[in-house]
Amino acid sequence: MRQIKSSSPLKGEITIPGDKSISHRSIMFGALAKGVTSVRHFLEGADCLSTIGCFRQMGIEIQKESDGRILVHGKGIRGLTAPAATLDVGNSGTTTRLISGILSAQNFTSVLSGDASLNSRPMGRIIHPLSMMGAQIKSLRGNDCAPLQIDGRMDLHGIHYDSPVASAQVKSAILLAGLYADRETSVHEPALSRNHTELMLSQFGADLHTEILKDGSAEIRISPCEELYAQDILVPGDISSAAYFIAAALLVPGSEVLIKNVGINETRAGILKVCKDMGADITYLNQNQGAGEPTADLLVRSSSLHGVCIEGTVIPTLIDEIPMIAVLAAFARGQTIIRDAAELKVKETDRIRTVTENLKAMGADVTPTDDGMIIQGGKPLHGAEIHPYMDHRIAMAFAVAGLASEGETTILEEQCVNVSYPGFFEALHTLTV
């Protein structure tokens, strides 16, 4: 467990670990490319290490250099070999869903399984469209969850898929299978979900196009691919990890924090828009565009926040940050309404339930709904015992809440933060002394 006390002003600068989504993809696409892909600022969290482990089991040499770079010795788009044992995906839904698209097109059978939390998360959302392409995927427990047995097929065919939700993982699984299909594959989604797969696959040489339609929906098309080619990748700082430091600087009076090299991809950085709408003082410095991903340094000063309504097309751009946004809303003046976020129920925990439970424990006025929550902000919060239920984002969000609350907050199961941010508590401490 970890004790968090009410904090003095936060000061200083911090560099956030590499983006988790981009780190995952750098390993996967590097493994499928010809040549050696070099990855700098790779996130060595548990989830991304699960991805490395899976590809090593399939014959890919992946090494860490003395300067911290990860080198992926790709074997080409048809270079994977059959794993000798079950592929252990740990707690990583990204690994599971994206790798399923790749494995569907191989010439071998594989089994994917993870921890108890991962094996209870829904996989039907990828099983259905991949099966439409000719994939042979079986949920071994018959509940549309992992463990999954995937009997690879060399004759996948391209489809047009109307996705009922804007989900980067669903889209990516289909696009990755589409690399191997017999004709073009396209995905239509109600709003453009995070587009790291499209940006990076294009960088590796895939023929891929995105069109935003008049109604705000998006269509992504990919052609069959003969080869991908190795790249040098600099992973930007993870906006999801930066969110906790943004929030801490906003909430603790007198704070001023510079967060370096943060990815600000507009399909991912909805939290910045919401913070601005709430009255946050955030300045963008040193904006850059590297490897297709925009970055900036963020200068964040403590601010008086007010409630907002968060709904619609912005939700896919901040779904992982909603626990932190809910904490911000509890400290803000007035009412915040979060809608259209039923996806929260199928994350590492049911985040509507876990956020509501823990905010109430700290004295907040919060009402859960079927697709979000209603928060009446402005009440002083007090320390409490926080149960993250092994969900890293719950643990980190409520650690920040503890900094801005009266008394002492205890975070149980603190080790769960290692999924995405090893060293999180130590990094937070550097700004509070």
# chains A, B, ... in the order shown; residues from 1 in each chain; ligands from 1

$ select_by_dssp --residues "region 16-97 of chain A" --states "strand (DSSP E or B)" --output "VMD selection string"
chain A and resid 18 33 to 40 61 to 64 70 to 75 87 to 90

$ write_last_selection --atoms "C-alpha atoms" --output "PDB file, in the first residue's frame"
ATOM      1  CA  GLY A  18       6.957   6.398 -23.699  1.00  0.00           C
ATOM      2  CA  ALA A  33       9.119  -5.734 -41.226  1.00  0.00           C
ATOM      3  CA  LYS A  34      12.291  -6.511 -43.139  1.00  0.00           C
ATOM      4  CA  GLY A  35      15.377  -5.299 -41.302  1.00  0.00           C
ATOM      5  CA  VAL A  36      16.097  -3.989 -37.806  1.00  0.00           C
ATOM      6  CA  THR A  37      13.683  -1.506 -36.260  1.00  0.00           C
ATOM      7  CA  SER A  38      15.200   0.758 -33.600  1.00  0.00           C
ATOM      8  CA  VAL A  39      12.856   2.034 -30.888  1.00  0.00           C
ATOM      9  CA  ARG A  40      13.855   4.864 -28.534  1.00  0.00           C
ATOM     10  CA  GLU A  61      14.993 -11.485 -31.764  1.00  0.00           C
ATOM     11  CA  ILE A  62      14.384  -8.400 -29.611  1.00  0.00           C
ATOM     12  CA  GLN A  63      17.240  -6.878 -27.633  1.00  0.00           C
ATOM     13  CA  LYS A  64      17.861  -3.885 -25.393  1.00  0.00           C
ATOM     14  CA  ILE A  70      15.068  -1.630 -28.271  1.00  0.00           C
ATOM     15  CA  LEU A  71      16.145  -3.380 -31.466  1.00  0.00           C
ATOM     16  CA  VAL A  72      13.582  -5.573 -33.223  1.00  0.00           C
ATOM     17  CA  HIS A  73      15.085  -7.941 -35.797  1.00  0.00           C
ATOM     18  CA  GLY A  74      12.162  -8.282 -38.167  1.00  0.00           C
ATOM     19  CA  LYS A  75      11.665 -11.331 -40.365  1.00  0.00           C
ATOM     20  CA  LEU A  87       1.331 -16.926 -25.752  1.00  0.00           C
ATOM     21  CA  ASP A  88       1.118 -15.104 -22.401  1.00  0.00           C
ATOM     22  CA  VAL A  89      -0.520 -11.712 -22.919  1.00  0.00           C
ATOM     23  CA  GLY A  90      -0.536 -10.841 -19.206  1.00  0.00           C
TER      24      GLY A  90
END

$ closest_atom_pairs --of "region 28-105 of chain A" --to "region 389-393 of chain A" --cutoff "12 Å" --atoms "only C-alpha atoms" --output "JSON lines"
{"residue": "A:Gly45", "atom": "CA", "partner": "A:His392", "partner_atom": "CA", "distance": 11.1}
{"residue": "A:Ala46", "atom": "CA", "partner": "A:His392", "partner_atom": "CA", "distance": 11.0}
{"residue": "A:Asp47", "atom": "CA", "partner": "A:His392", "partner_atom": "CA", "distance": 11.2}
{"residue": "A:Asn91", "atom": "CA", "partner": "A:Asp391", "partner_atom": "CA", "distance": 9.9}
{"residue": "A:Ser92", "atom": "CA", "partner": "A:Asp391", "partner_atom": "CA", "distance": 11.7}

$ closest_residue --among "A:Leu201, A:Ser6, A:Asp320, A:Gly79" --to "Ser241 (chain A)" --atoms "only C-alpha atoms"
A:Asp320

$ select_by_dssp --residues "region 53-118 of chain A" --states "helix (DSSP H, G or I)" --output "VMD selection string"
chain A and resid 53 to 57 93 to 103 118

$ write_last_selection --atoms "N, CA, C and O atoms" --output "PDB file, in the first residue's frame"
ATOM      1  N   GLY A  53       7.399 -10.445 -25.171  1.00  0.00           N
ATOM      2  CA  GLY A  53       7.454 -11.876 -24.878  1.00  0.00           C
ATOM      3  C   GLY A  53       6.762 -12.715 -25.927  1.00  0.00           C
ATOM      4  O   GLY A  53       7.264 -13.772 -26.336  1.00  0.00           O
ATOM      5  N   CYS A  54       5.596 -12.263 -26.389  1.00  0.00           N
ATOM      6  CA  CYS A  54       4.849 -13.023 -27.402  1.00  0.00           C
ATOM      7  C   CYS A  54       5.636 -13.128 -28.704  1.00  0.00           C
ATOM      8  O   CYS A  54       5.705 -14.206 -29.313  1.00  0.00           O
ATOM      9  N   PHE A  55       6.243 -12.041 -29.145  1.00  0.00           N
ATOM     10  CA  PHE A  55       6.960 -12.091 -30.426  1.00  0.00           C
ATOM     11  C   PHE A  55       8.282 -12.846 -30.299  1.00  0.00           C
ATOM     12  O   PHE A  55       8.715 -13.498 -31.263  1.00  0.00           O
ATOM     13  N   ARG A  56       8.890 -12.802 -29.136  1.00  0.00           N
ATOM     14  CA  ARG A  56      10.063 -13.654 -28.941  1.00  0.00           C
ATOM     15  C   ARG A  56       9.683 -15.126 -29.047  1.00  0.00           C
ATOM     16  O   ARG A  56      10.436 -15.930 -29.605  1.00  0.00           O
ATOM     17  N   GLN A  57       8.507 -15.489 -28.526  1.00  0.00           N
ATOM     18  CA  GLN A  57       8.048 -16.873 -28.634  1.00  0.00           C
ATOM     19  C   GLN A  57       7.816 -17.283 -30.079  1.00  0.00           C
ATOM     20  O   GLN A  57       7.804 -18.474 -30.390  1.00  0.00           O
ATOM     21  N   GLY A  93      -4.885  -5.955 -22.958  1.00  0.00           N
ATOM     22  CA  GLY A  93      -5.915  -6.072 -23.980  1.00  0.00           C
ATOM     23  C   GLY A  93      -5.407  -5.657 -25.342  1.00  0.00           C
ATOM     24  O   GLY A  93      -5.820  -6.223 -26.372  1.00  0.00           O
ATOM     25  N   THR A  94      -4.506  -4.680 -25.390  1.00  0.00           N
ATOM     26  CA  THR A  94      -3.945  -4.252 -26.671  1.00  0.00           C
ATOM     27  C   THR A  94      -3.183  -5.389 -27.329  1.00  0.00           C
ATOM     28  O   THR A  94      -3.362  -5.667 -28.516  1.00  0.00           O
ATOM     29  N   THR A  95      -2.312  -6.050 -26.549  1.00  0.00           N
ATOM     30  CA  THR A  95      -1.579  -7.190 -27.104  1.00  0.00           C
ATOM     31  C   THR A  95      -2.545  -8.218 -27.649  1.00  0.00           C
ATOM     32  O   THR A  95      -2.404  -8.688 -28.793  1.00  0.00           O
ATOM     33  N   THR A  96      -3.545  -8.575 -26.862  1.00  0.00           N
ATOM     34  CA  THR A  96      -4.468  -9.644 -27.234  1.00  0.00           C
ATOM     35  C   THR A  96      -5.221  -9.327 -28.516  1.00  0.00           C
ATOM     36  O   THR A  96      -5.271 -10.138 -29.451  1.00  0.00           O
ATOM     37  N   ARG A  97      -5.808  -8.149 -28.577  1.00  0.00           N
ATOM     38  CA  ARG A  97      -6.676  -7.832 -29.710  1.00  0.00           C
ATOM     39  C   ARG A  97      -5.880  -7.582 -30.986  1.00  0.00           C
ATOM     40  O   ARG A  97      -6.261  -8.058 -32.058  1.00  0.00           O
ATOM     41  N   LEU A  98      -4.780  -6.855 -30.887  1.00  0.00           N
ATOM     42  CA  LEU A  98      -4.014  -6.564 -32.104  1.00  0.00           C
ATOM     43  C   LEU A  98      -3.316  -7.809 -32.629  1.00  0.00           C
ATOM     44  O   LEU A  98      -3.335  -8.079 -33.841  1.00  0.00           O
ATOM     45  N   ILE A  99      -2.721  -8.588 -31.740  1.00  0.00           N
ATOM     46  CA  ILE A  99      -1.978  -9.760 -32.197  1.00  0.00           C
ATOM     47  C   ILE A  99      -2.929 -10.799 -32.798  1.00  0.00           C
ATOM     48  O   ILE A  99      -2.532 -11.579 -33.671  1.00  0.00           O
ATOM     49  N   SER A 100      -4.203 -10.775 -32.386  1.00  0.00           N
ATOM     50  CA  SER A 100      -5.176 -11.715 -32.959  1.00  0.00           C
ATOM     51  C   SER A 100      -5.343 -11.483 -34.452  1.00  0.00           C
ATOM     52  O   SER A 100      -5.507 -12.439 -35.229  1.00  0.00           O
ATOM     53  N   GLY A 101      -5.306 -10.217 -34.881  1.00  0.00           N
ATOM     54  CA  GLY A 101      -5.392  -9.933 -36.312  1.00  0.00           C
ATOM     55  C   GLY A 101      -4.216 -10.501 -37.071  1.00  0.00           C
ATOM     56  O   GLY A 101      -4.368 -11.037 -38.179  1.00  0.00           O
ATOM     57  N   ILE A 102      -3.033 -10.410 -36.490  1.00  0.00           N
ATOM     58  CA  ILE A 102      -1.824 -10.949 -37.124  1.00  0.00           C
ATOM     59  C   ILE A 102      -1.859 -12.468 -37.148  1.00  0.00           C
ATOM     60  O   ILE A 102      -1.603 -13.106 -38.176  1.00  0.00           O
ATOM     61  N   LEU A 103      -2.194 -13.070 -36.013  1.00  0.00           N
ATOM     62  CA  LEU A 103      -2.167 -14.529 -35.898  1.00  0.00           C
ATOM     63  C   LEU A 103      -3.214 -15.194 -36.783  1.00  0.00           C
ATOM     64  O   LEU A 103      -3.033 -16.337 -37.212  1.00  0.00           O
ATOM     65  N   LEU A 118      -7.599 -10.180 -17.597  1.00  0.00           N
ATOM     66  CA  LEU A 118      -7.589 -10.197 -19.060  1.00  0.00           C
ATOM     67  C   LEU A 118      -8.536 -11.261 -19.592  1.00  0.00           C
ATOM     68  O   LEU A 118      -9.290 -11.027 -20.552  1.00  0.00           O
TER      69      LEU A 118
END

$ atom_distance --atom1 "CA of Arg141 (chain A)" --atom2 "CA of Thr109 (chain A)"
17.2 Å

$ closest_atom_pairs --of "region 77-164 of chain A" --to "region 332-345 of chain A" --cutoff "12 Å" --atoms "only C-alpha atoms" --output "Markdown table"
| residue | atom | partner | partner_atom | distance |
| --- | --- | --- | --- | --- |
| A:Ser120 | CA | A:Lys345 | CA | 11.9 |
| A:Arg121 | CA | A:Lys345 | CA | 9.8 |
| A:Pro122 | CA | A:Lys345 | CA | 10.5 |
| A:Arg125 | CA | A:Glu343 | CA | 12.0 |
| A:Pro164 | CA | A:Glu343 | CA | 11.9 |

$ closest_residue --among "A:Ser304, A:Ser163, A:Ser255, A:Gln415" --to "Lys11 (chain A)" --atoms "only C-alpha atoms"
A:Ser255

$ residues_around --residues "Gly402 (chain A)" --least-positions-apart "5" --cutoff "9 Å" --atoms "only C-alpha atoms" --output "ChimeraX atom specification"
/A:3-7,362,381-384,397,407-410

$ write_last_selection --atoms "N, CA and C atoms" --output "compact mmCIF listing (two decimals), in the first residue's frame"
# COMPACT_ATOMS: atom_id res chain seq x y z
N GLN A 3 0.89 5.49 1.03
CA GLN A 3 0.25 6.61 1.69
C GLN A 3 0.53 7.91 0.92
N ILE A 4 -0.54 8.67 0.68
CA ILE A 4 -0.44 9.95 -0.01
C ILE A 4 -1.00 11.02 0.92
N LYS A 5 -0.26 12.10 1.12
CA LYS A 5 -0.70 13.19 1.99
C LYS A 5 -0.97 14.45 1.17
N SER A 6 -1.76 15.34 1.75
CA SER A 6 -2.01 16.64 1.14
C SER A 6 -0.69 17.32 0.81
N SER A 7 -0.58 17.88 -0.39
CA SER A 7 0.71 18.30 -0.91
C SER A 7 0.89 19.82 -0.88
N MET A 362 -14.11 9.27 -0.65
CA MET A 362 -13.39 10.51 -0.34
C MET A 362 -14.34 11.68 -0.08
N LEU A 381 -12.71 17.26 -0.43
CA LEU A 381 -12.52 15.81 -0.31
C LEU A 381 -11.55 15.51 0.83
N HIS A 382 -11.68 14.31 1.37
CA HIS A 382 -10.81 13.88 2.47
C HIS A 382 -10.14 12.56 2.12
N GLY A 383 -9.06 12.28 2.78
CA GLY A 383 -8.35 11.03 2.56
C GLY A 383 -9.22 9.82 2.84
N ALA A 384 -8.89 8.72 2.17
CA ALA A 384 -9.66 7.48 2.33
C ALA A 384 -8.79 6.31 1.92
N ALA A 397 -5.01 7.78 -10.59
CA ALA A 397 -5.96 8.90 -10.49
C ALA A 397 -6.22 9.27 -9.03
N GLY A 407 -5.96 15.36 4.85
CA GLY A 407 -5.62 14.12 5.52
C GLY A 407 -4.80 13.18 4.64
N GLU A 408 -4.86 11.89 4.96
CA GLU A 408 -4.02 10.89 4.30
C GLU A 408 -4.86 9.90 3.51
N THR A 409 -4.40 9.60 2.31
CA THR A 409 -5.07 8.63 1.43
C THR A 409 -4.16 7.41 1.30
N THR A 410 -4.76 6.24 1.40
CA THR A 410 -4.02 4.99 1.27
C THR A 410 -4.42 4.30 -0.03

$ closest_residue --among "A:Ser104, A:Leu156, A:Ala395, A:Thr317" --to "Ile127 (chain A)" --atoms "only C-alpha atoms"
A:Ser104

$ residues_around --residues "Ile374 (chain A)" --least-positions-apart "3" --cutoff "12 Å" --atoms "only C-alpha atoms" --output "VMD selection string"
chain A and resid 307 to 311 325 to 327 329 to 330 334 to 339 352 355 to 356 359 364 to 371 377

$ closest_atom_pairs --of "region 40-85 of chain A" --to "region 219-239 of chain A" --cutoff "7 Å" --atoms "only C-alpha atoms" --output "tab-separated table"
residue	atom	partner	partner_atom	distance
A:Arg40	CA	A:Leu234	CA	4.8
A:His41	CA	A:Val235	CA	5.3
A:Phe42	CA	A:Val235	CA	6.1
A:Gly76	CA	A:Glu227	CA	6.5
A:Ile77	CA	A:Glu227	CA	5.9

$ residues_around --residues "Val170 (chain A)" --least-positions-apart "3" --cutoff "6 Å" --atoms "only C-alpha atoms" --output "ChimeraX atom specification"
/A:126,167,173

$ write_last_selection --atoms "N, CA and C atoms" --output "tab-separated table (two decimals), in the first residue's frame"
chain	number	residue	atom	x	y	z
A	126	ILE	N	-13.66	-8.54	-31.56
A	126	ILE	CA	-12.69	-8.82	-32.63
A	126	ILE	C	-12.94	-10.17	-33.27
A	167	SER	N	-13.38	2.10	-31.81
A	167	SER	CA	-12.41	1.38	-30.99
A	167	SER	C	-11.13	1.16	-31.79
A	173	ALA	N	-7.06	-4.58	-35.16
A	173	ALA	CA	-7.07	-6.03	-35.41
A	173	ALA	C	-7.48	-6.32	-36.85

$ atom_distance --atom1 "CA of Asn265 (chain A)" --atom2 "CA of His209 (chain A)"
17.3 Å

$ closest_atom_pairs --of "region 352-376 of chain A" --to "region 385-388 of chain A" --cutoff "8 Å" --atoms "only C-alpha atoms" --output "tab-separated table"
residue	atom	partner	partner_atom	distance
A:Thr354	CA	A:Pro388	CA	7.1
A:Asn358	CA	A:Ile386	CA	5.9
A:Ala361	CA	A:Glu385	CA	7.5

$ residues_around --residues "Lys20 (chain A)" --least-positions-apart "2" --cutoff "7 Å" --atoms "only C-alpha atoms" --output "JSON, numbers by chain"
{"A": [18, 22, 23, 24, 43, 48, 238, 420]}

$ residues_around --residues "Met1 (chain A)" --least-positions-apart "4" --cutoff "8 Å" --atoms "only C-alpha atoms" --output "VMD selection string"
chain A and resid 410 to 414

$ write_last_selection --atoms "N, CA and C atoms" --output "PDB file, in the first residue's frame"
ATOM      1  N   THR A 410      -4.760   6.240   1.400  1.00  0.00           N
ATOM      2  CA  THR A 410      -4.017   4.985   1.266  1.00  0.00           C
ATOM      3  C   THR A 410      -4.424   4.303  -0.034  1.00  0.00           C
ATOM      4  N   ILE A 411      -3.449   4.073  -0.911  1.00  0.00           N
ATOM      5  CA  ILE A 411      -3.694   3.364  -2.169  1.00  0.00           C
ATOM      6  C   ILE A 411      -3.306   1.904  -1.964  1.00  0.00           C
ATOM      7  N   LEU A 412      -4.278   1.017  -2.003  1.00  0.00           N
ATOM      8  CA  LEU A 412      -4.004  -0.411  -1.911  1.00  0.00           C
ATOM      9  C   LEU A 412      -3.472  -0.925  -3.253  1.00  0.00           C
ATOM     10  N   GLU A 413      -2.785  -2.058  -3.231  1.00  0.00           N
ATOM     11  CA  GLU A 413      -2.314  -2.715  -4.469  1.00  0.00           C
ATOM     12  C   GLU A 413      -1.512  -1.749  -5.347  1.00  0.00           C
ATOM     13  N   GLU A 414      -0.636  -0.971  -4.718  1.00  0.00           N
ATOM     14  CA  GLU A 414       0.087   0.058  -5.453  1.00  0.00           C
ATOM     15  C   GLU A 414       0.875  -0.488  -6.635  1.00  0.00           C
TER      16      GLU A 414
END
